[in-house]
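Each remark here refers to the structure printed beneath this line.
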Amino acid sequence: MAYDFDLFVIGAGSGGVRAARFAAGFGAKVAVAESRYLGGTCVNVGCVPKKLLVYGAHFADDFEHAKGFGWSLDEAGFDWATLIANKNREIERLNGIYRNLLVNSGVTLHEGHARLIDPHQVEVNGQRFTAKKILIATGGWPQIPEIPGREHAISSNEAFFLKTLPKRVIVVGGGYIAVEFAGIFEGLGAETTLLYRRELFLRGFDISVRKHLQEELTKRGMDLQFNADIQRIDKQADGSLKVTLKDGRSLETDCVFYATGRRPMLDNLGLEHTGVRFDERGFVEVNDQYETAEPSILAIGDVIGRVQLTPVALAEGMAVARRLFQPEQYRKVDYLHIPTAVFSQPPIGTVGLTEEQAREQGHDVVLFESRFRPMKLTLTECQERTLMKLVVDKKSDKVLGCHMVGPDAGEIVQGLAIALKAGATKQLFDETIGVHPTAAEEFVTLRTPVA
């Protein structure tokens, strides 16, 4: 049978665009359908605008620290509307770049909602197209629990477009999105409370990292409330919100921001017309080649619920394109030693195993840890401290994990990820000469194991 396209990609986010571009570059006839915005969550309501807001939130600290270096500054003022307008302009520029990347690659772009009619047929804007292979790359969507008054809460989607900065914000959640946005709101001047229903946030991260960040956020004056959850939200006559907690307490705020998880965005895709199956969490089930139970349909990125990070979706998209259309270049995505950063304040960078994971896997663990005040802060009143930690296997001397909380953590850990990927030992770290004076050199000067 002759098909209209060799590959039809539903979703123009990071993974979908990467798969489409490279498949077209390999000679395939490719189409992409996108109903919202080019670039997906990351470019529009995720990593990119979030990082811009993180940069903006740092300036209050920078102005304060400048005094210790002899700078006299007039009283600083902040305008939320200017930040959001400038952010929007940058996102529009990136949307244009994504459009050009697709079109210049020879990909046919359909701007509209795509729906599967059968395993080889897609309908967009009333038109139907056939494809030999269909790739689902529609990403995730934030979810707010079904509680009374949930309509008064916002998610990350709405946070990027608030008309004004709320004076008081309650951030609900314990993952990296919650921690990052709490830092953004607090840094920009909002009175911020972080609520989390468990004992400590950032479950899955190294325990030293979690406790250290808790200490630093508390120093900054953020109200951290653990073992706390919302029962209902009521809007008051003056427009403020009354938040009733499950323990009977009530709080008043101007904004409730939920960051309690994301679901796969599969609404009205027509997957019921196919043999695609889902796991118990609702994500699309795929094998190690991203094939679903329906032979003609593949899926990558956040919809499969593996590692929900933009660079991972990019790698998965590349793997699909190569396997289908340039098999001699194909190699599987390696999910080991994926570095990640949390752009909290201070930020986190981490790669490899946590202390807990290493012990669970049976390693006889040796830990190296350092906490110190960054050099930049020694002329200021700020008492923030940096944490660096190495998790090492005693028998092989191999470094199993690197963890950091402090300025430029993400930048530093990216390089360390290569070392872990290459199987570096602690001896190799010790024999590497550091760059002085930097914080990064601490990773190659850790000599004494902690008890």
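Note on naming: chains are A, B, ... as they come in the structure tokens, residues start from 1 per chain, ligands start from 1 in the order shown.
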Neighbour list for stretch 242-246 of chain A as an mmCIF file with N, CA, C and O atoms, in the first residue's frame, cut-off 9 Å, only C-alpha atoms, skip fewer than 4 positions in-chain:
data_model
loop_
_atom_site.group_PDB
_atom_site.id
_atom_site.type_symbol
_atom_site.label_atom_id
_atom_site.label_comp_id
_atom_site.auth_asym_id
_atom_site.auth_seq_id
_atom_site.Cartn_x
_atom_site.Cartn_y
_atom_site.Cartn_z
ATOM 1 N N ALA A 228 1.492 18.252 55.203
ATOM 2 C CA ALA A 228 0.349 19.157 55.106
ATOM 3 C C ALA A 228 -0.277 19.028 53.723
ATOM 4 O O ALA A 228 0.430 18.910 52.722
ATOM 5 N N ASP A 229 -1.618 19.040 53.676
ATOM 6 C CA ASP A 229 -2.315 18.920 52.405
ATOM 7 C C ASP A 229 -3.606 19.730 52.456
ATOM 8 O O ASP A 229 -4.166 19.972 53.532
ATOM 9 N N ILE A 230 -4.072 20.133 51.284
ATOM 10 C CA ILE A 230 -5.250 20.995 51.196
ATOM 11 C C ILE A 230 -6.527 20.159 51.094
ATOM 12 O O ILE A 230 -6.596 19.212 50.304
ATOM 13 N N GLN A 231 -7.522 20.545 51.866
ATOM 14 C CA GLN A 231 -8.830 19.899 51.801
ATOM 15 C C GLN A 231 -9.786 20.644 50.879
ATOM 16 O O GLN A 231 -10.522 20.044 50.113
ATOM 17 N N ARG A 232 -9.748 22.001 50.949
ATOM 18 C CA ARG A 232 -10.612 22.797 50.089
ATOM 19 C C ARG A 232 -10.065 24.217 49.954
ATOM 20 O O ARG A 232 -9.266 24.676 50.784
ATOM 21 N N ILE A 233 -10.505 24.897 48.886
ATOM 22 C CA ILE A 233 -10.124 26.286 48.633
ATOM 23 C C ILE A 233 -11.399 27.093 48.460
ATOM 24 O O ILE A 233 -12.277 26.721 47.670
ATOM 25 N N ASP A 234 -11.509 28.202 49.190
ATOM 26 C CA ASP A 234 -12.686 29.066 49.091
ATOM 27 C C ASP A 234 -12.258 30.483 48.748
ATOM 28 O O ASP A 234 -11.329 31.029 49.370
ATOM 29 N N LYS A 235 -12.954 31.069 47.780
ATOM 30 C CA LYS A 235 -12.666 32.449 47.404
ATOM 31 C C LYS A 235 -13.416 33.391 48.319
ATOM 32 O O LYS A 235 -14.616 33.238 48.546
ATOM 33 N N GLN A 236 -12.711 34.416 48.849
ATOM 34 C CA GLN A 236 -13.290 35.379 49.761
ATOM 35 C C GLN A 236 -13.862 36.587 49.003
ATOM 36 O O GLN A 236 -13.575 36.788 47.825
ATOM 37 N N SER A 250 -6.319 26.685 58.733
ATOM 38 C CA SER A 250 -6.648 27.436 57.526
ATOM 39 C C SER A 250 -5.590 28.497 57.275
ATOM 40 O O SER A 250 -4.995 29.041 58.219
ATOM 41 N N LEU A 251 -5.327 28.775 56.005
ATOM 42 C CA LEU A 251 -4.349 29.770 55.587
ATOM 43 C C LEU A 251 -5.015 30.725 54.612
ATOM 44 O O LEU A 251 -5.937 30.336 53.888
ATOM 45 N N GLU A 252 -4.546 31.942 54.570
ATOM 46 C CA GLU A 252 -5.036 32.899 53.587
ATOM 47 C C GLU A 252 -3.935 33.202 52.589
ATOM 48 O O GLU A 252 -2.765 33.339 52.957
ATOM 49 N N THR A 253 -4.309 33.337 51.326
ATOM 50 C CA THR A 253 -3.333 33.588 50.282
ATOM 51 C C THR A 253 -4.007 34.295 49.115
ATOM 52 O O THR A 253 -5.240 34.440 49.091
ATOM 53 N N ASP A 254 -3.201 34.704 48.158
ATOM 54 C CA ASP A 254 -3.734 35.328 46.947
ATOM 55 C C ASP A 254 -3.657 34.392 45.745
ATOM 56 O O ASP A 254 -4.262 34.647 44.712
ATOM 57 N N VAL A 256 -2.983 29.978 44.777
ATOM 58 C CA VAL A 256 -2.626 28.589 45.091
ATOM 59 C C VAL A 256 -2.106 27.954 43.804
ATOM 60 O O VAL A 256 -2.818 27.869 42.809
#
Discussion item. Applying 10 Å and only C-alpha atoms, which residues near A:Val17 remain after dropping the ones on its own chain fewer than 2 positions away? List them as a PyMOL selection string.
Written reply: chain A and resi 9-15+19-23+32+38-40+98-99+101-102+107+137+313-314+317-318
Based on the selection just made, write N, CA and C atoms of those residues as a PDB file, in the first residue's frame.
ATOM      1  N   VAL A   9       4.071  12.407  12.776  1.00  0.00           N
ATOM      2  CA  VAL A   9       4.351  12.687  14.177  1.00  0.00           C
ATOM      3  C   VAL A   9       3.237  13.551  14.745  1.00  0.00           C
ATOM      4  N   ILE A  10       2.661  13.112  15.854  1.00  0.00           N
ATOM      5  CA  ILE A  10       1.639  13.910  16.537  1.00  0.00           C
ATOM      6  C   ILE A  10       2.288  14.549  17.751  1.00  0.00           C
ATOM      7  N   GLY A  11       2.496  15.856  17.665  1.00  0.00           N
ATOM      8  CA  GLY A  11       3.143  16.598  18.742  1.00  0.00           C
ATOM      9  C   GLY A  11       4.461  17.198  18.300  1.00  0.00           C
ATOM     10  N   ALA A  12       4.553  18.536  18.346  1.00  0.00           N
ATOM     11  CA  ALA A  12       5.773  19.227  17.916  1.00  0.00           C
ATOM     12  C   ALA A  12       6.550  19.758  19.113  1.00  0.00           C
ATOM     13  N   GLY A  13       6.701  18.896  20.121  1.00  0.00           N
ATOM     14  CA  GLY A  13       7.571  19.224  21.237  1.00  0.00           C
ATOM     15  C   GLY A  13       8.993  18.785  20.917  1.00  0.00           C
ATOM     16  N   SER A  14       9.828  18.749  21.925  1.00  0.00           N
ATOM     17  CA  SER A  14      11.247  18.449  21.711  1.00  0.00           C
ATOM     18  C   SER A  14      11.463  17.107  21.022  1.00  0.00           C
ATOM     19  N   GLY A  15      10.830  16.042  21.557  1.00  0.00           N
ATOM     20  CA  GLY A  15      11.033  14.711  20.981  1.00  0.00           C
ATOM     21  C   GLY A  15      10.432  14.578  19.596  1.00  0.00           C
ATOM     22  N   ALA A  19      12.561  13.834  16.119  1.00  0.00           N
ATOM     23  CA  ALA A  19      12.296  12.649  15.303  1.00  0.00           C
ATOM     24  C   ALA A  19      11.922  13.048  13.879  1.00  0.00           C
ATOM     25  N   ALA A  20      11.061  14.059  13.742  1.00  0.00           N
ATOM     26  CA  ALA A  20      10.601  14.479  12.418  1.00  0.00           C
ATOM     27  C   ALA A  20      11.742  15.040  11.582  1.00  0.00           C
ATOM     28  N   ARG A  21      12.525  15.940  12.173  1.00  0.00           N
ATOM     29  CA  ARG A  21      13.620  16.575  11.427  1.00  0.00           C
ATOM     30  C   ARG A  21      14.616  15.552  10.904  1.00  0.00           C
ATOM     31  N   PHE A  22      15.033  14.648  11.790  1.00  0.00           N
ATOM     32  CA  PHE A  22      16.068  13.715  11.385  1.00  0.00           C
ATOM     33  C   PHE A  22      15.527  12.632  10.454  1.00  0.00           C
ATOM     34  N   ALA A  23      14.287  12.238  10.655  1.00  0.00           N
ATOM     35  CA  ALA A  23      13.690  11.278   9.720  1.00  0.00           C
ATOM     36  C   ALA A  23      13.636  11.882   8.319  1.00  0.00           C
ATOM     37  N   VAL A  32       4.139  16.536  10.599  1.00  0.00           N
ATOM     38  CA  VAL A  32       3.967  16.786  12.022  1.00  0.00           C
ATOM     39  C   VAL A  32       2.671  17.549  12.226  1.00  0.00           C
ATOM     40  N   LEU A  38       4.476  25.323  18.948  1.00  0.00           N
ATOM     41  CA  LEU A  38       5.674  24.645  18.493  1.00  0.00           C
ATOM     42  C   LEU A  38       6.739  24.704  19.590  1.00  0.00           C
ATOM     43  N   GLY A  39       7.378  23.569  19.822  1.00  0.00           N
ATOM     44  CA  GLY A  39       8.377  23.484  20.878  1.00  0.00           C
ATOM     45  C   GLY A  39       7.877  22.778  22.117  1.00  0.00           C
ATOM     46  N   GLY A  40       6.564  22.579  22.212  1.00  0.00           N
ATOM     47  CA  GLY A  40       6.004  21.805  23.311  1.00  0.00           C
ATOM     48  C   GLY A  40       6.121  22.483  24.668  1.00  0.00           C
ATOM     49  N   TYR A  98      11.612  26.924  15.766  1.00  0.00           N
ATOM     50  CA  TYR A  98      11.124  25.553  15.612  1.00  0.00           C
ATOM     51  C   TYR A  98      10.381  25.380  14.290  1.00  0.00           C
ATOM     52  N   ARG A  99       9.608  26.383  13.929  1.00  0.00           N
ATOM     53  CA  ARG A  99       8.893  26.327  12.643  1.00  0.00           C
ATOM     54  C   ARG A  99       9.887  26.207  11.489  1.00  0.00           C
ATOM     55  N   LEU A 101      12.986  25.146  11.607  1.00  0.00           N
ATOM     56  CA  LEU A 101      13.691  23.868  11.661  1.00  0.00           C
ATOM     57  C   LEU A 101      12.895  22.776  10.958  1.00  0.00           C
ATOM     58  N   LEU A 102      11.587  22.761  11.195  1.00  0.00           N
ATOM     59  CA  LEU A 102      10.740  21.746  10.574  1.00  0.00           C
ATOM     60  C   LEU A 102      10.608  21.965   9.072  1.00  0.00           C
ATOM     61  N   VAL A 107       9.810  18.874   6.317  1.00  0.00           N
ATOM     62  CA  VAL A 107       8.678  18.293   7.031  1.00  0.00           C
ATOM     63  C   VAL A 107       7.405  19.079   6.706  1.00  0.00           C
ATOM     64  N   ALA A 137       3.873  11.840  20.339  1.00  0.00           N
ATOM     65  CA  ALA A 137       4.843  12.612  21.125  1.00  0.00           C
ATOM     66  C   ALA A 137       4.141  13.855  21.672  1.00  0.00           C
ATOM     67  N   ALA A 313      13.759  13.013  25.874  1.00  0.00           N
ATOM     68  CA  ALA A 313      12.835  12.978  24.734  1.00  0.00           C
ATOM     69  C   ALA A 313      13.590  13.197  23.422  1.00  0.00           C
ATOM     70  N   LEU A 314      14.563  14.102  23.429  1.00  0.00           N
ATOM     71  CA  LEU A 314      15.383  14.338  22.233  1.00  0.00           C
ATOM     72  C   LEU A 314      16.133  13.061  21.829  1.00  0.00           C
ATOM     73  N   GLY A 317      13.670  10.564  20.410  1.00  0.00           N
ATOM     74  CA  GLY A 317      13.270  10.943  19.051  1.00  0.00           C
ATOM     75  C   GLY A 317      14.335  10.598  18.035  1.00  0.00           C
ATOM     76  N   MET A 318      15.579  10.854  18.386  1.00  0.00           N
ATOM     77  CA  MET A 318      16.695  10.522  17.498  1.00  0.00           C
ATOM     78  C   MET A 318      16.781   9.008  17.291  1.00  0.00           C
TER      79      MET A 318
END
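The residue that comes closest to A:Gln345, out of A:Arg203, A:Arg210, A:Arg220, A:Arg262 and on the basis of only C-alpha atoms, is A:Arg220.
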Item to complete: Please provide the set of residues having any atom within 10 Å of A:Pro346, restricted to only C-alpha atoms, with same-chain residues fewer than 4 positions apart removed, written as a PyMOL selection string.
Response: chain A and resi 58+180+183+212-213+216-217+342+384-386+404-409
Written selection (N, CA and C atoms) as an mmCIF file, in the first residue's frame:
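Wrote it out as part14.cif, contents follow:
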data_model
loop_
_atom_site.group_PDB
_atom_site.id
_atom_site.type_symbol
_atom_site.label_atom_id
_atom_site.label_comp_id
_atom_site.auth_asym_id
_atom_site.auth_seq_id
_atom_site.Cartn_x
_atom_site.Cartn_y
_atom_site.Cartn_z
ATOM 1 N N HIS A 58 16.878 35.892 40.786
ATOM 2 C CA HIS A 58 18.190 35.957 41.423
ATOM 3 C C HIS A 58 18.648 37.387 41.684
ATOM 4 N N GLU A 180 11.102 24.698 42.428
ATOM 5 C CA GLU A 180 11.591 25.770 41.557
ATOM 6 C C GLU A 180 10.665 26.984 41.586
ATOM 7 N N GLY A 183 10.833 28.989 44.731
ATOM 8 C CA GLY A 183 12.005 29.859 44.708
ATOM 9 C C GLY A 183 11.802 31.085 43.837
ATOM 10 N N HIS A 212 19.783 19.450 52.954
ATOM 11 C CA HIS A 212 20.556 20.681 52.788
ATOM 12 C C HIS A 212 19.685 21.778 52.169
ATOM 13 N N LEU A 213 18.912 21.418 51.158
ATOM 14 C CA LEU A 213 18.054 22.428 50.541
ATOM 15 C C LEU A 213 16.996 22.910 51.526
ATOM 16 N N GLU A 216 18.609 25.521 53.641
ATOM 17 C CA GLU A 216 18.886 26.776 52.939
ATOM 18 C C GLU A 216 17.607 27.563 52.653
ATOM 19 N N LEU A 217 16.542 26.876 52.285
ATOM 20 C CA LEU A 217 15.285 27.578 52.029
ATOM 21 C C LEU A 217 14.716 28.160 53.317
ATOM 22 N N VAL A 342 17.932 20.867 39.341
ATOM 23 C CA VAL A 342 16.733 21.509 39.877
ATOM 24 C C VAL A 342 17.110 22.970 40.086
ATOM 25 N N GLU A 384 24.580 31.434 53.179
ATOM 26 C CA GLU A 384 24.268 30.239 52.376
ATOM 27 C C GLU A 384 25.505 29.357 52.246
ATOM 28 N N ARG A 385 25.266 28.046 52.299
ATOM 29 C CA ARG A 385 26.371 27.093 52.169
ATOM 30 C C ARG A 385 26.122 26.158 50.993
ATOM 31 N N THR A 386 27.217 25.709 50.411
ATOM 32 C CA THR A 386 27.177 24.767 49.291
ATOM 33 C C THR A 386 27.428 23.357 49.815
ATOM 34 N N MET A 404 25.244 17.886 44.175
ATOM 35 C CA MET A 404 25.657 19.232 44.572
ATOM 36 C C MET A 404 24.440 20.109 44.806
ATOM 37 N N VAL A 405 24.527 20.959 45.816
ATOM 38 C CA VAL A 405 23.569 22.042 46.024
ATOM 39 C C VAL A 405 24.390 23.308 46.163
ATOM 40 N N GLY A 406 24.201 24.242 45.250
ATOM 41 C CA GLY A 406 24.960 25.477 45.307
ATOM 42 C C GLY A 406 25.017 26.145 43.952
ATOM 43 N N PRO A 407 25.585 27.362 43.879
ATOM 44 C CA PRO A 407 25.639 28.101 42.613
ATOM 45 C C PRO A 407 26.275 27.291 41.491
ATOM 46 N N ASP A 408 25.673 27.364 40.317
ATOM 47 C CA ASP A 408 26.177 26.701 39.099
ATOM 48 C C ASP A 408 26.212 25.178 39.205
ATOM 49 N N ALA A 409 25.387 24.609 40.067
ATOM 50 C CA ALA A 409 25.405 23.150 40.252
ATOM 51 C C ALA A 409 25.136 22.413 38.948
#
Worksheet entry | Residue contacts of A:Gly270 (7 Å, only C-alpha atoms) excluding same-chain residues fewer than 2 positions away, as a list in words | Arg115, Leu116, Ile117, Asn268, Glu272 and His273 of chain A
For the selection just defined, write its residues with C-alpha atoms to a file, as a compact mmCIF listing (two decimals), in the first residue's frame.
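Okay, this is what ended up in selection-v3.txt:
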# COMPACT_ATOMS: atom_id res chain seq x y z
CA ARG A 115 -6.84 12.27 15.75
CA LEU A 116 -6.29 8.65 14.82
CA ILE A 117 -8.97 7.09 12.64
CA ASN A 268 -9.20 12.92 22.04
CA GLU A 272 -9.40 3.66 21.13
CA HIS A 273 -9.37 2.92 17.39
Discussion item. With DSSP run on the backbone, what are the helix (DSSP H, G or I) residues within stretch 17-146 of chain A? I'd like them as JSON, numbers by chain.
Written reply: {"A": [17, 18, 19, 20, 21, 22, 23, 24, 25, 40, 41, 42, 43, 44, 45, 47, 48, 49, 50, 51, 52, 53, 54, 55, 56, 57, 58, 59, 60, 61, 62, 63, 64, 65, 66, 67, 68, 69, 80, 81, 82, 83, 84, 85, 86, 87, 88, 89, 90, 91, 92, 93, 94, 95, 96, 97, 98, 99, 100, 101, 102, 103, 104]}
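When only C-alpha atoms are used to compute distances to A:Phe78, the closest of the residues A:Cys47, A:Ile348, A:Ala419, A:Ala60 turns out to be A:Ala60.
Summary of the local environment: counting only C-alpha atoms, residues at most 10 Å from stretch 48-57 of chain A, other than itself and those fewer than 6 positions away along its chain, are Thr41, Cys42, Phe78, Trp80, Leu83, Ile84, Asn86, Lys87, Asn88, Glu90, Ile91, Leu94, Ser156, Ala159, Phe160, Ile177, Glu180, Phe181, Gly183, Ile184, Phe185, Glu186, Gly187, Leu188, Gly189, Phe343, Ser344 and Gln345 of chain A.
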Item to complete: Between A:Thr164, A:Gln329, A:Ser208, A:Gln427, single out the one closest to A:Asp79, counting only C-alpha atoms.
Response: A:Thr164
Worksheet item: Which polymer residues have any atom within 10 Å of an atom of A:Val172, counting only C-alpha atoms, with same-chain residues fewer than 2 positions away left out, as a PyMOL selection string?
Response: chain A and resi 144+153+155+169-170+174-175+177-179+182+193-197+225+228-230+256-260
